[in-house]
>>> print(open('model.cif').read())   # mmCIF, C-alpha atoms and all ligand atoms
data_upload
#
loop_
_atom_site.label_atom_id
_atom_site.label_comp_id
_atom_site.auth_asym_id
_atom_site.auth_seq_id
_atom_site.Cartn_x
_atom_site.Cartn_y
_atom_site.Cartn_z
CA MET R 1 -3.55 23.49 2.75
CA LYS R 2 -3.84 26.17 5.43
CA ILE R 3 -6.38 25.63 8.19
CA ARG R 4 -7.52 28.56 10.32
CA PRO R 5 -8.93 27.86 13.80
CA ARG R 6 -12.62 28.39 14.49
CA CYS R 7 -14.13 28.79 17.95
CA SER R 8 -17.58 27.90 16.73
CA PHE R 9 -18.48 25.37 14.07
CA GLU R 10 -22.05 24.68 12.98
CA GLY R 11 -23.69 23.19 9.95
CA SER R 12 -25.53 20.38 8.27
CA PHE R 13 -23.56 18.09 5.96
CA ALA R 14 -24.46 15.76 3.10
CA ILE R 15 -21.52 13.42 3.63
CA PRO R 16 -20.57 11.35 0.54
CA GLY R 17 -21.48 7.67 0.13
CA ASP R 18 -19.98 4.80 2.12
CA LYS R 19 -16.71 3.52 0.67
CA SER R 20 -17.13 -0.11 1.78
CA ILE R 21 -20.69 -0.31 0.43
CA THR R 22 -19.81 1.41 -2.88
CA HIS R 23 -16.94 -1.07 -3.51
CA ARG R 24 -19.24 -4.01 -2.85
CA ALA R 25 -22.13 -2.63 -4.90
CA ILE R 26 -19.86 -2.26 -7.95
CA MET R 27 -18.11 -5.59 -7.51
CA PHE R 28 -21.09 -7.79 -6.69
CA ASN R 29 -23.26 -6.27 -9.43
CA GLY R 30 -20.27 -6.73 -11.72
CA ILE R 31 -20.69 -10.53 -11.48
CA ALA R 32 -24.50 -10.53 -11.23
CA GLU R 33 -27.19 -11.24 -13.82
CA GLY R 34 -28.83 -8.01 -15.00
CA GLU R 35 -28.21 -4.32 -14.66
CA ALA R 36 -28.12 -2.12 -11.55
CA ARG R 37 -28.01 1.58 -10.62
CA ILE R 38 -25.94 2.56 -7.62
CA THR R 39 -27.01 5.98 -6.32
CA ASN R 40 -25.11 8.26 -3.90
CA ALA R 41 -22.07 6.14 -4.82
CA LEU R 42 -18.74 7.39 -3.50
CA LEU R 43 -16.68 8.58 -6.47
CA GLY R 44 -13.43 8.63 -4.50
CA GLU R 45 -10.23 7.23 -6.02
CA ASP R 46 -10.50 3.86 -4.23
CA CYS R 47 -13.98 3.11 -5.58
CA LEU R 48 -12.95 4.30 -9.06
CA SER R 49 -10.14 1.70 -8.85
CA THR R 50 -12.77 -0.98 -8.21
CA ALA R 51 -14.82 0.30 -11.18
CA ALA R 52 -11.76 0.15 -13.47
CA CYS R 53 -10.84 -3.37 -12.30
CA MET R 54 -14.37 -4.69 -12.84
CA ARG R 55 -14.31 -3.18 -16.35
CA ALA R 56 -11.00 -4.96 -17.00
CA LEU R 57 -12.66 -8.23 -15.95
CA GLY R 58 -15.49 -7.72 -18.44
CA ALA R 59 -18.29 -5.93 -16.56
CA ASP R 60 -19.87 -2.84 -18.09
CA VAL R 61 -19.42 -0.05 -15.53
CA THR R 62 -20.45 3.56 -16.28
CA VAL R 63 -19.64 6.29 -13.80
CA GLY R 64 -21.96 9.34 -13.82
CA GLU R 65 -22.63 12.21 -11.37
CA GLY R 66 -22.85 10.41 -7.98
CA GLU R 67 -24.30 7.41 -9.77
CA ILE R 68 -22.76 4.24 -11.18
CA CYS R 69 -24.49 1.86 -13.62
CA VAL R 70 -23.27 -1.72 -13.75
CA ARG R 71 -24.12 -4.54 -16.15
CA GLY R 72 -22.55 -7.71 -14.84
CA THR R 73 -20.59 -10.39 -16.62
CA SER R 74 -21.28 -14.05 -15.85
CA ARG R 75 -17.79 -15.02 -17.06
CA PRO R 76 -15.11 -12.59 -15.90
CA HIS R 77 -12.05 -12.95 -18.14
CA GLY R 78 -8.34 -12.88 -17.40
CA ALA R 79 -6.94 -9.39 -16.76
CA ASP R 80 -4.20 -7.29 -15.28
CA CYS R 81 -5.96 -5.15 -12.65
CA TYR R 82 -4.50 -1.98 -11.08
CA CYS R 83 -5.99 -1.43 -7.61
CA GLY R 84 -4.22 1.88 -6.87
CA ASN R 85 -4.21 2.62 -3.12
CA SER R 86 -7.20 0.42 -2.34
CA GLY R 87 -6.79 -2.58 -0.01
CA THR R 88 -10.49 -3.41 -0.27
CA THR R 89 -10.27 -3.61 -4.08
CA MET R 90 -7.26 -5.92 -4.07
CA ARG R 91 -8.33 -8.21 -1.24
CA LEU R 92 -11.95 -8.68 -2.36
CA LEU R 93 -10.82 -9.23 -5.96
CA MET R 94 -8.45 -11.98 -4.79
CA GLY R 95 -11.53 -13.94 -3.65
CA LEU R 96 -13.59 -13.07 -6.71
CA ALA R 97 -10.78 -13.95 -9.14
CA ALA R 98 -10.01 -17.22 -7.31
CA GLY R 99 -13.67 -18.20 -7.61
CA CYS R 100 -14.52 -17.15 -11.13
CA GLY R 101 -11.86 -19.21 -12.87
CA ALA R 102 -9.89 -16.46 -14.63
CA ASP R 103 -6.15 -15.75 -14.54
CA VAL R 104 -5.86 -12.37 -12.87
CA THR R 105 -2.90 -10.25 -11.77
CA LEU R 106 -3.54 -7.60 -9.11
CA ARG R 107 -1.19 -4.65 -8.69
CA GLY R 108 -1.18 -1.61 -6.43
CA ASP R 109 0.62 1.65 -5.68
CA GLU R 110 3.64 1.81 -3.36
CA SER R 111 1.58 1.93 -0.15
CA LEU R 112 -0.70 -0.97 -1.17
CA SER R 113 2.31 -3.01 -2.36
CA GLY R 114 3.69 -2.87 1.19
CA ARG R 115 0.50 -4.23 2.82
CA PRO R 116 0.01 -7.90 3.79
CA MET R 117 -1.80 -10.11 1.26
CA GLU R 118 -1.06 -13.61 2.63
CA ARG R 119 -3.79 -13.05 5.24
CA VAL R 120 -6.21 -13.41 2.28
CA ALA R 121 -4.21 -15.84 0.10
CA GLN R 122 -3.70 -18.47 2.85
CA PRO R 123 -7.37 -19.05 3.75
CA LEU R 124 -8.34 -18.92 0.04
CA ARG R 125 -5.82 -21.71 -0.67
CA ARG R 126 -7.75 -23.90 1.80
CA LEU R 127 -10.62 -23.81 -0.72
CA GLY R 128 -8.23 -24.84 -3.50
CA ALA R 129 -7.30 -21.40 -4.85
CA LYS R 130 -3.99 -21.00 -6.69
CA ILE R 131 -2.54 -17.68 -5.56
CA GLU R 132 1.01 -16.38 -5.58
CA THR R 133 2.12 -13.27 -3.71
CA CYS R 134 5.54 -11.61 -3.87
CA GLU R 135 6.83 -12.48 -0.41
CA GLY R 136 3.40 -11.76 1.00
CA HIS R 137 2.74 -8.64 -1.06
CA ALA R 138 1.39 -7.42 -4.40
CA PRO R 139 1.60 -8.08 -7.26
CA VAL R 140 -0.71 -11.01 -6.58
CA ARG R 141 -1.24 -13.67 -9.27
CA VAL R 142 -4.43 -15.72 -9.21
CA THR R 143 -4.62 -18.75 -11.54
CA ALA R 144 -7.89 -20.44 -12.51
CA SER R 145 -8.66 -23.46 -10.33
CA ARG R 146 -11.59 -25.50 -8.99
CA LEU R 147 -12.72 -24.51 -5.49
CA ILE R 148 -14.26 -26.83 -2.92
CA GLY R 149 -16.13 -25.47 0.10
CA CYS R 150 -14.65 -26.07 3.56
CA GLU R 151 -14.53 -24.56 7.05
CA VAL R 152 -12.19 -21.62 7.47
CA ASP R 153 -11.29 -19.68 10.63
CA THR R 154 -9.76 -16.30 9.84
CA LYS R 155 -6.88 -15.22 12.08
CA VAL R 156 -7.73 -11.49 11.97
CA ALA R 157 -11.10 -9.79 12.38
CA SER R 158 -10.97 -8.26 8.90
CA ALA R 159 -13.98 -7.62 6.68
CA GLN R 160 -11.66 -7.68 3.67
CA VAL R 161 -10.42 -11.20 4.44
CA LYS R 162 -13.93 -12.42 5.30
CA SER R 163 -15.43 -10.88 2.16
CA ALA R 164 -12.78 -12.45 -0.10
CA LEU R 165 -13.68 -15.87 1.31
CA LEU R 166 -17.43 -15.30 0.96
CA LEU R 167 -16.98 -14.22 -2.68
CA ALA R 168 -14.85 -17.27 -3.51
CA ALA R 169 -17.43 -19.47 -1.74
CA LEU R 170 -20.14 -18.31 -4.19
CA PHE R 171 -18.28 -20.26 -6.88
CA ALA R 172 -17.12 -23.26 -4.79
CA GLU R 173 -18.62 -26.75 -4.80
CA GLY R 174 -20.57 -27.54 -1.62
CA GLU R 175 -20.74 -25.38 1.47
CA THR R 176 -18.16 -23.02 2.95
CA ALA R 177 -18.23 -21.89 6.59
CA VAL R 178 -16.29 -18.77 7.64
CA ARG R 179 -15.59 -17.86 11.27
CA GLU R 180 -13.78 -14.72 12.45
CA PRO R 181 -12.32 -13.94 15.89
CA LEU R 182 -14.49 -10.81 16.32
CA LEU R 183 -17.36 -9.60 14.16
CA SER R 184 -16.11 -7.21 11.43
CA ARG R 185 -18.35 -5.02 9.23
CA ASP R 186 -21.06 -7.17 7.66
CA HIS R 187 -21.98 -5.24 4.47
CA THR R 188 -20.93 -8.21 2.31
CA GLU R 189 -23.27 -10.62 4.08
CA ARG R 190 -26.19 -8.17 3.86
CA MET R 191 -25.65 -7.32 0.19
CA LEU R 192 -25.05 -10.90 -0.98
CA ALA R 193 -28.27 -12.00 0.76
CA ALA R 194 -30.19 -9.15 -0.93
CA MET R 195 -28.78 -10.27 -4.30
CA GLY R 196 -30.07 -13.84 -3.88
CA ALA R 197 -26.99 -15.67 -2.56
CA ASP R 198 -27.46 -18.77 -0.42
CA ILE R 199 -25.87 -17.29 2.72
CA ARG R 200 -26.80 -17.54 6.39
CA ARG R 201 -25.29 -16.77 9.79
CA GLU R 202 -25.58 -19.50 12.41
CA ASP R 203 -23.69 -20.18 15.66
CA GLY R 204 -21.11 -17.48 14.99
CA ALA R 205 -20.24 -18.72 11.47
CA ILE R 206 -21.34 -17.61 8.00
CA TYR R 207 -22.38 -20.44 5.66
CA VAL R 208 -22.35 -19.94 1.87
CA ARG R 209 -23.29 -22.29 -0.96
CA HIS R 210 -22.69 -21.99 -4.68
CA SER R 211 -24.99 -19.17 -5.88
CA THR R 212 -25.81 -16.92 -8.82
CA LEU R 213 -26.24 -13.24 -7.93
CA HIS R 214 -29.06 -11.07 -9.29
CA ALA R 215 -28.41 -7.38 -9.92
CA ALA R 216 -29.77 -5.04 -7.23
CA ASP R 217 -30.15 -1.24 -7.28
CA ILE R 218 -28.41 0.19 -4.25
CA ALA R 219 -28.81 3.58 -2.55
CA VAL R 220 -25.53 4.02 -0.69
CA PRO R 221 -25.81 5.63 2.78
CA ALA R 222 -23.34 8.34 3.82
CA ASP R 223 -20.08 6.97 5.21
CA ILE R 224 -19.87 7.11 9.02
CA SER R 225 -16.06 7.04 8.68
CA SER R 226 -16.24 10.34 6.71
CA ALA R 227 -19.02 11.77 8.91
CA ALA R 228 -16.74 11.14 11.91
CA TYR R 229 -14.66 14.27 11.11
CA PHE R 230 -17.73 16.52 11.15
CA MET R 231 -19.17 14.73 14.20
CA ALA R 232 -15.85 15.38 15.99
CA LEU R 233 -15.99 19.09 15.00
CA GLY R 234 -19.52 19.26 16.46
CA ALA R 235 -18.33 17.65 19.71
CA LEU R 236 -15.38 20.07 19.97
CA ARG R 237 -16.78 23.31 18.63
CA GLY R 238 -20.54 23.62 18.19
CA GLU R 239 -23.27 21.55 16.62
CA THR R 240 -23.20 19.49 13.43
CA LEU R 241 -25.81 17.43 11.64
CA CYS R 242 -24.60 14.67 9.28
CA LEU R 243 -27.39 13.51 6.97
CA GLY R 244 -28.32 9.97 5.93
CA VAL R 245 -25.40 8.22 7.63
CA GLY R 246 -25.08 4.42 7.65
CA VAL R 247 -25.42 3.27 11.28
CA ASN R 248 -24.88 -0.47 10.82
CA PRO R 249 -23.92 -1.67 14.35
CA THR R 250 -20.69 -3.20 13.00
CA ARG R 251 -19.60 0.37 12.10
CA THR R 252 -20.87 2.50 15.00
CA GLY R 253 -18.06 2.00 17.52
CA ILE R 254 -17.55 5.78 17.40
CA LEU R 255 -21.03 6.31 18.91
CA ARG R 256 -20.11 3.97 21.79
CA VAL R 257 -16.89 6.00 22.18
CA PHE R 258 -19.03 9.18 22.29
CA ASP R 259 -21.14 7.60 25.08
CA ARG R 260 -18.01 6.85 27.11
CA MET R 261 -16.37 10.25 26.49
CA GLY R 262 -19.52 12.16 27.37
CA VAL R 263 -20.17 13.49 23.85
CA ARG R 264 -23.82 14.46 23.44
CA TYR R 265 -25.38 13.28 20.18
CA ARG R 266 -28.74 12.25 18.82
CA LEU R 267 -29.83 9.90 16.03
CA GLU R 268 -32.73 11.42 14.07
CA ASN R 269 -34.92 10.14 11.28
CA GLU R 270 -33.82 6.50 11.73
CA ARG R 271 -34.74 4.26 8.78
CA GLN R 272 -33.67 1.22 6.71
CA VAL R 273 -32.26 1.74 3.20
CA CYS R 274 -31.43 -1.28 1.02
CA GLY R 275 -30.97 -3.53 4.05
CA GLU R 276 -28.73 -1.09 5.96
CA PRO R 277 -29.79 1.07 8.95
CA VAL R 278 -29.47 4.82 8.27
CA ALA R 279 -29.93 7.95 10.44
CA ASP R 280 -29.07 11.65 10.65
CA ILE R 281 -26.49 12.19 13.40
CA ARG R 282 -26.60 15.44 15.39
CA THR R 283 -23.56 16.06 17.60
CA PHE R 284 -23.33 18.80 20.26
CA ARG R 285 -20.34 20.53 21.84
CA SER R 286 -19.50 18.61 25.00
CA PRO R 287 -16.84 18.50 27.73
CA LEU R 288 -14.81 15.38 26.92
CA ARG R 289 -13.68 12.64 29.33
CA ALA R 290 -10.71 10.34 28.73
CA LEU R 291 -11.39 6.98 27.10
CA THR R 292 -10.27 3.35 27.27
CA VAL R 293 -10.58 1.30 24.09
CA GLY R 294 -9.83 -2.46 24.07
CA ARG R 295 -9.37 -5.15 21.44
CA GLU R 296 -13.06 -6.09 21.23
CA ASP R 297 -13.99 -2.46 20.34
CA ILE R 298 -11.51 -2.14 17.47
CA PRO R 299 -13.28 -3.66 14.42
CA SER R 300 -16.28 -1.31 14.71
CA LEU R 301 -14.14 1.86 14.81
CA ILE R 302 -10.85 0.91 13.15
CA ASP R 303 -10.87 3.72 10.55
CA GLU R 304 -12.00 6.34 13.09
CA LEU R 305 -9.05 5.86 15.49
CA PRO R 306 -6.99 8.82 14.17
CA VAL R 307 -9.87 11.26 14.71
CA ILE R 308 -10.75 9.60 18.05
CA ALA R 309 -7.11 10.30 19.02
CA VAL R 310 -7.74 14.00 18.28
CA LEU R 311 -10.75 13.96 20.65
CA CYS R 312 -8.63 12.20 23.31
CA ALA R 313 -5.92 14.87 22.92
CA LEU R 314 -8.54 17.45 24.01
CA ALA R 315 -10.26 15.32 26.70
CA GLU R 316 -9.74 15.50 30.44
CA GLY R 317 -7.44 12.72 31.62
CA GLU R 318 -5.36 9.94 30.11
CA SER R 319 -6.83 7.80 27.32
CA VAL R 320 -5.57 4.33 26.45
CA ILE R 321 -6.19 2.69 23.05
CA ALA R 322 -5.07 -0.97 23.04
CA GLY R 323 -5.47 -4.04 20.81
CA ALA R 324 -5.22 -1.91 17.65
CA GLU R 325 -2.07 -3.36 16.01
CA GLU R 326 -4.07 -3.64 12.75
CA LEU R 327 -3.47 0.12 12.43
CA ARG R 328 0.17 -0.69 11.62
CA VAL R 329 -0.86 -2.18 8.23
CA LYS R 330 -3.29 0.46 6.98
CA GLU R 331 -2.55 3.02 4.20
CA SER R 332 0.27 4.15 6.51
CA ASP R 333 1.50 2.75 9.84
CA ARG R 334 -1.36 4.59 11.55
CA ILE R 335 0.00 4.13 15.08
CA ARG R 336 3.14 6.02 14.05
CA THR R 337 1.42 8.57 11.78
CA THR R 338 -1.38 9.28 14.28
CA ALA R 339 1.23 9.87 17.00
CA GLU R 340 3.18 12.20 14.68
CA MET R 341 0.01 14.10 13.78
CA ILE R 342 -1.03 14.57 17.43
CA ARG R 343 2.48 15.76 18.37
CA ALA R 344 2.60 18.10 15.36
CA VAL R 345 -0.48 19.97 16.64
CA GLY R 346 0.92 20.18 20.19
CA GLY R 347 -0.72 17.12 21.80
CA GLU R 348 0.85 14.57 24.12
CA ILE R 349 0.85 10.99 22.92
CA GLU R 350 2.93 7.88 23.54
CA GLU R 351 3.14 5.11 20.97
CA ARG R 352 2.58 1.49 22.07
CA PRO R 353 3.06 -1.60 19.87
CA ASP R 354 -0.75 -2.06 19.78
CA GLY R 355 -2.06 1.48 20.21
CA PHE R 356 -1.35 4.67 22.13
CA VAL R 357 -1.67 6.52 25.41
CA ILE R 358 -2.86 10.12 25.08
CA ARG R 359 -2.68 12.73 27.83
CA GLY R 360 -5.46 15.23 27.17
CA LYS R 361 -4.84 19.00 27.21
CA ARG R 362 -7.16 22.00 27.46
CA SER R 363 -5.98 23.26 24.06
CA LEU R 364 -3.74 22.34 21.14
CA ALA R 365 -1.42 25.00 19.74
CA GLY R 366 -1.57 23.88 16.06
CA GLY R 367 1.33 23.42 13.62
CA THR R 368 2.22 21.57 10.42
CA VAL R 369 0.77 18.09 9.87
CA ARG R 370 2.25 15.71 7.27
CA SER R 371 -0.40 13.43 5.80
CA CYS R 372 2.17 10.72 4.92
CA GLY R 373 -0.11 10.00 1.94
CA ASP R 374 -2.83 8.75 4.28
CA HIS R 375 -6.28 10.29 3.75
CA ARG R 376 -7.46 9.65 7.30
CA ILE R 377 -4.38 11.33 8.82
CA ALA R 378 -4.90 14.41 6.58
CA MET R 379 -8.58 14.76 7.60
CA SER R 380 -7.97 14.07 11.31
CA GLY R 381 -5.15 16.64 11.23
CA ALA R 382 -7.53 19.17 9.67
CA VAL R 383 -10.04 18.63 12.51
CA ALA R 384 -7.28 19.08 15.10
CA LEU R 385 -6.10 22.31 13.42
CA ALA R 386 -9.62 23.74 13.05
CA ALA R 387 -10.06 23.20 16.81
CA SER R 388 -6.56 24.46 17.73
CA THR R 389 -5.46 27.86 19.05
CA ASN R 390 -3.33 28.98 16.09
CA GLY R 391 -4.29 26.65 13.23
CA GLY R 392 -1.62 25.54 10.79
CA GLN R 393 -1.28 23.54 7.61
CA ILE R 394 -1.59 20.06 6.14
CA GLU R 395 1.17 18.89 3.83
CA GLY R 396 0.15 16.32 1.19
CA GLU R 397 -3.57 17.07 1.58
CA GLU R 398 -4.49 15.79 -1.91
CA CYS R 399 -4.77 12.20 -0.58
CA VAL R 400 -8.25 13.04 0.84
CA ALA R 401 -9.48 12.23 -2.72
CA ILE R 402 -9.10 8.53 -1.82
CA SER R 403 -12.27 8.55 0.30
CA PHE R 404 -13.63 12.12 0.53
CA PRO R 405 -12.78 14.38 -2.46
CA GLN R 406 -15.11 17.18 -1.20
CA PHE R 407 -13.62 17.22 2.33
CA PHE R 408 -11.88 20.60 2.24
CA SER R 409 -14.64 22.42 0.34
CA MET R 410 -17.17 21.06 2.83
CA LEU R 411 -14.95 22.12 5.73
CA ASN R 412 -14.74 25.60 4.22
C1 LIG Z 1 -12.85 -2.38 4.90
C2 LIG Z 1 -12.44 -3.08 5.99
C3 LIG Z 1 -11.47 -2.57 6.98
C4 LIG Z 1 -11.32 -1.06 6.85
C5 LIG Z 1 -11.17 -0.61 5.43
C6 LIG Z 1 -12.40 -1.02 4.63
C7 LIG Z 1 -13.82 -3.02 3.98
O1 LIG Z 1 -10.23 -3.17 6.73
O2 LIG Z 1 -10.21 -0.63 7.62
O3 LIG Z 1 -11.04 0.79 5.36
O4 LIG Z 1 -14.43 -2.31 3.15
O5 LIG Z 1 -14.00 -4.23 4.06
P1 LIG Z 1 -9.84 -4.62 7.33
O6 LIG Z 1 -10.73 -5.62 6.69
O7 LIG Z 1 -8.41 -4.84 6.96
O8 LIG Z 1 -10.05 -4.51 8.81
#
>>> encode(input="model.cif", output="structure tokens", more="lines below")
Ligand code: S3P
Amino acid sequence: MKIRPRCSFEGSFAIPGDKSITHRAIMFNGIAEGEARITNALLGEDCLSTAACMRALGADVTVGEGEICVRGTSRPHGADCYCGNSGTTMRLLMGLAAGCGADVTLRGDESLSGRPMERVAQPLRRLGAKIETCEGHAPVRVTASRLIGCEVDTKVASAQVKSALLLAALFAEGETAVREPLLSRDHTERMLAAMGADIRREDGAIYVRHSTLHAADIAVPADISSAAYFMALGALRGETLCLGVGVNPTRTGILRVFDRMGVRYRLENERQVCGEPVADIRTFRSPLRALTVGREDIPSLIDELPVIAVLCALAEGESVIAGAEELRVKESDRIRTTAEMIRAVGGEIEERPDGFVIRGKRSLAGGTVRSCGDHRIAMSGAVALAASTNGGQIEGEECVAISFPQFFSMLN
């Protein structure tokens, strides 16, 4: 995919639906009583993996144009589920399968089969789940067992781990309390509450009791993680407006980064949609200052770090991103692949075990970026090339279909 540089970049963008919310809307309605319509659903490959897995477990899932209809099953049955590239699908299904009393095997592609699964299996076992991993990885085998609520502290601030526990807790006897070291995205808590679950947050813990879910229609907001590429292009090259973006505070770390870097932006038309805050985000070309990001900032901007690195590569001064070792276990080792991407376009970056140090330059020359099969590296590389002096190309660009199939046509 060739990318030509542009000195000015303006437009208004209907960014596709949020990946995290689409996964949850399909999965939770898939075990709920009744039928639901999910509108503005993301039809990327990851969410289609969730749809296929829920079908395999017995839910009736129909995928239409930007819309998914789900009729839930109260008794998911045993199945062999292929989760493709999707960590969210596999990890959340580990909790669901452990709870619902079915024998389920979860498999994934090569990248997903290299990612850690014991971080989910271990805390689920505390509730009585029977789960086997292959030396910590997929395939994961979940065997039917009786779960009993208990208190669990998660070791990582991961919404996938937390959500797996909350799903299992819906089926457990008694009460389960889940605590995490830092607050991760809370879409699961919001959606389960809207679907009638007995769930509450108190003193830094989430308490869940055995509950039956009721189907809920969900209008999915645009994904701030996908909007981030067009927001970055606005900040670097002109003015962009991203429409109907989810601005849940557990996801808006990039706006706090914009504040610190001196990026001018405005939230317009702020509203609530299906229990989630939504706004249009207008971003203006701005001179960029270097940035420091620490551990406590990471959960709210974890997926945006590659594109934030592109902004840092064009900011004045030295930026330091620390406490981000979770990037090492994403779809690729994103500390290594982000560093390779920044160097490939002519930027200066040093890898650290838990992040990077980036020395900003006035301009990036451009070059050839390898996606390494990671959608967020491909799209961040495209932003860097569009804002570079000579442009260049992305190798392995087809992986954008994981989260943003329309990315290149929208960029065009
Ligand atoms: C997600 C949680 C995050 C994020 C991923 C989606 C989710 O992962 O990086 O893209 O939908 O729960 P972790 O839970 O591993 O931090």
>>> residues_around(input="model.cif", residues="Ala216 (chain R)", least_positions_apart="6", cutoff="10 Å", atoms="all atoms listed in the file", output="list in words")
Ala25, Phe28, Asn29, Ala32, Glu33, Gly34, Glu35, Ala36, Arg37, Ile38, Val70, Met191, Leu192, Ala194, Met195, Gly196 and Cys274 of chain R
>>> residues_near_ligand(input="model.cif", ligand="ligand LIG 1 (chain Z)", cutoff="7 Å", atoms="only C-alpha atoms and all ligand atoms", output="ChimeraX atom specification")
/R:19-20,88,157-161,185,299,302-303
>>> write_last_selection(input="model.cif", atoms="C-alpha atoms", output="PDB file, in the frame of the given file")
ATOM      1  CA  LYS R  19     -16.710   3.520   0.670  1.00  0.00           C
ATOM      2  CA  SER R  20     -17.130  -0.110   1.780  1.00  0.00           C
ATOM      3  CA  THR R  88     -10.490  -3.410  -0.270  1.00  0.00           C
ATOM      4  CA  ALA R 157     -11.100  -9.790  12.380  1.00  0.00           C
ATOM      5  CA  SER R 158     -10.970  -8.260   8.900  1.00  0.00           C
ATOM      6  CA  ALA R 159     -13.980  -7.620   6.680  1.00  0.00           C
ATOM      7  CA  GLN R 160     -11.660  -7.680   3.670  1.00  0.00           C
ATOM      8  CA  VAL R 161     -10.420 -11.200   4.440  1.00  0.00           C
ATOM      9  CA  ARG R 185     -18.350  -5.020   9.230  1.00  0.00           C
ATOM     10  CA  PRO R 299     -13.280  -3.660  14.420  1.00  0.00           C
ATOM     11  CA  ILE R 302     -10.850   0.910  13.150  1.00  0.00           C
ATOM     12  CA  ASP R 303     -10.870   3.720  10.550  1.00  0.00           C
TER      13      ASP R 303
END
>>> atom_distance(input="model.cif", atom1="CA of Pro139 (chain R)", atom2="CA of Thr338 (chain R)")
27.8 Å
>>> atom_distance(input="model.cif", atom1="CA of Ala197 (chain R)", atom2="CA of Ser211 (chain R)")
5.2 Å
>>> residues_around(input="model.cif", residues="Thr154 (chain R)", least_positions_apart="5", cutoff="12 Å", atoms="all atoms listed in the file", output="PDB file with C-alpha atoms, in the coordinates of the input")
ATOM      1  CA  GLU R 118      -1.060 -13.610   2.630  1.00  0.00           C
ATOM      2  CA  ARG R 119      -3.790 -13.050   5.240  1.00  0.00           C
ATOM      3  CA  VAL R 120      -6.210 -13.410   2.280  1.00  0.00           C
ATOM      4  CA  ALA R 121      -4.210 -15.840   0.100  1.00  0.00           C
ATOM      5  CA  GLN R 122      -3.700 -18.470   2.850  1.00  0.00           C
ATOM      6  CA  PRO R 123      -7.370 -19.050   3.750  1.00  0.00           C
ATOM      7  CA  LEU R 124      -8.340 -18.920   0.040  1.00  0.00           C
ATOM      8  CA  ARG R 126      -7.750 -23.900   1.800  1.00  0.00           C
ATOM      9  CA  ALA R 159     -13.980  -7.620   6.680  1.00  0.00           C
ATOM     10  CA  GLN R 160     -11.660  -7.680   3.670  1.00  0.00           C
ATOM     11  CA  VAL R 161     -10.420 -11.200   4.440  1.00  0.00           C
ATOM     12  CA  LYS R 162     -13.930 -12.420   5.300  1.00  0.00           C
ATOM     13  CA  SER R 163     -15.430 -10.880   2.160  1.00  0.00           C
ATOM     14  CA  ALA R 164     -12.780 -12.450  -0.100  1.00  0.00           C
ATOM     15  CA  LEU R 165     -13.680 -15.870   1.310  1.00  0.00           C
ATOM     16  CA  LEU R 166     -17.430 -15.300   0.960  1.00  0.00           C
ATOM     17  CA  ALA R 177     -18.230 -21.890   6.590  1.00  0.00           C
ATOM     18  CA  VAL R 178     -16.290 -18.770   7.640  1.00  0.00           C
ATOM     19  CA  ARG R 179     -15.590 -17.860  11.270  1.00  0.00           C
ATOM     20  CA  GLU R 180     -13.780 -14.720  12.450  1.00  0.00           C
ATOM     21  CA  PRO R 181     -12.320 -13.940  15.890  1.00  0.00           C
ATOM     22  CA  LEU R 182     -14.490 -10.810  16.320  1.00  0.00           C
ATOM     23  CA  LEU R 183     -17.360  -9.600  14.160  1.00  0.00           C
ATOM     24  CA  SER R 184     -16.110  -7.210  11.430  1.00  0.00           C
ATOM     25  CA  ALA R 205     -20.240 -18.720  11.470  1.00  0.00           C
ATOM     26  CA  ILE R 206     -21.340 -17.610   8.000  1.00  0.00           C
TER      27      ILE R 206
END
>>> residues_around(input="model.cif", residues="Val329 (chain R)", least_positions_apart="4", cutoff="10 Å", atoms="all atoms listed in the file", output="PyMOL selection string")
chain R and resi 111-112+114-116+325+333-335
>>> closest_residue(input="model.cif", among="R:Ala309, R:Ala339, R:Ile402, R:Ile68", to="Ser49 (chain R)", atoms="all atoms listed in the file")
R:Ile402
>>> atom_distance(input="model.cif", atom1="CA of Ser225 (chain R)", atom2="CA of Gly323 (chain R)")
19.5 Å
>>> closest_atom_pairs(input="model.cif", of="region 296-412 of chain R", to="region 246-260 of chain R", cutoff="12 Å", atoms="only C-alpha atoms", output="CSV")
residue,atom,partner,partner_atom,distance
R:Glu296,CA,R:Gly253,CA,10.2
R:Asp297,CA,R:Gly253,CA,6.7
R:Ile298,CA,R:Gly253,CA,7.7
R:Pro299,CA,R:Thr250,CA,7.6
R:Ser300,CA,R:Arg251,CA,4.5
R:Leu301,CA,R:Gly253,CA,4.8
R:Ile302,CA,R:Gly253,CA,8.5
R:Asp303,CA,R:Arg251,CA,9.5
R:Glu304,CA,R:Ile254,CA,7.0
R:Leu305,CA,R:Ile254,CA,8.7
R:Pro306,CA,R:Ile254,CA,11.5
R:Val307,CA,R:Ile254,CA,9.8
R:Ile308,CA,R:Ile254,CA,7.8
R:Ala309,CA,R:Val257,CA,11.1
R:Leu311,CA,R:Phe258,CA,9.7
R:Cys312,CA,R:Val257,CA,10.4
R:Ala315,CA,R:Arg260,CA,11.5
R:Ser319,CA,R:Arg260,CA,11.2
R:Ile321,CA,R:Val257,CA,11.2
>>> residues_around(input="model.cif", residues="Tyr229 (chain R)", least_positions_apart="6", cutoff="12 Å", atoms="only C-alpha atoms", output="PyMOL selection string")
chain R and resi 13+15+223+235-237+240-242+254+283+303-311+375-387+404+407-408+410-411
>>> residues_around(input="model.cif", residues="region 127-132 of chain R", least_positions_apart="3", cutoff="10 Å", atoms="all atoms listed in the file", output="count of residues only")
40
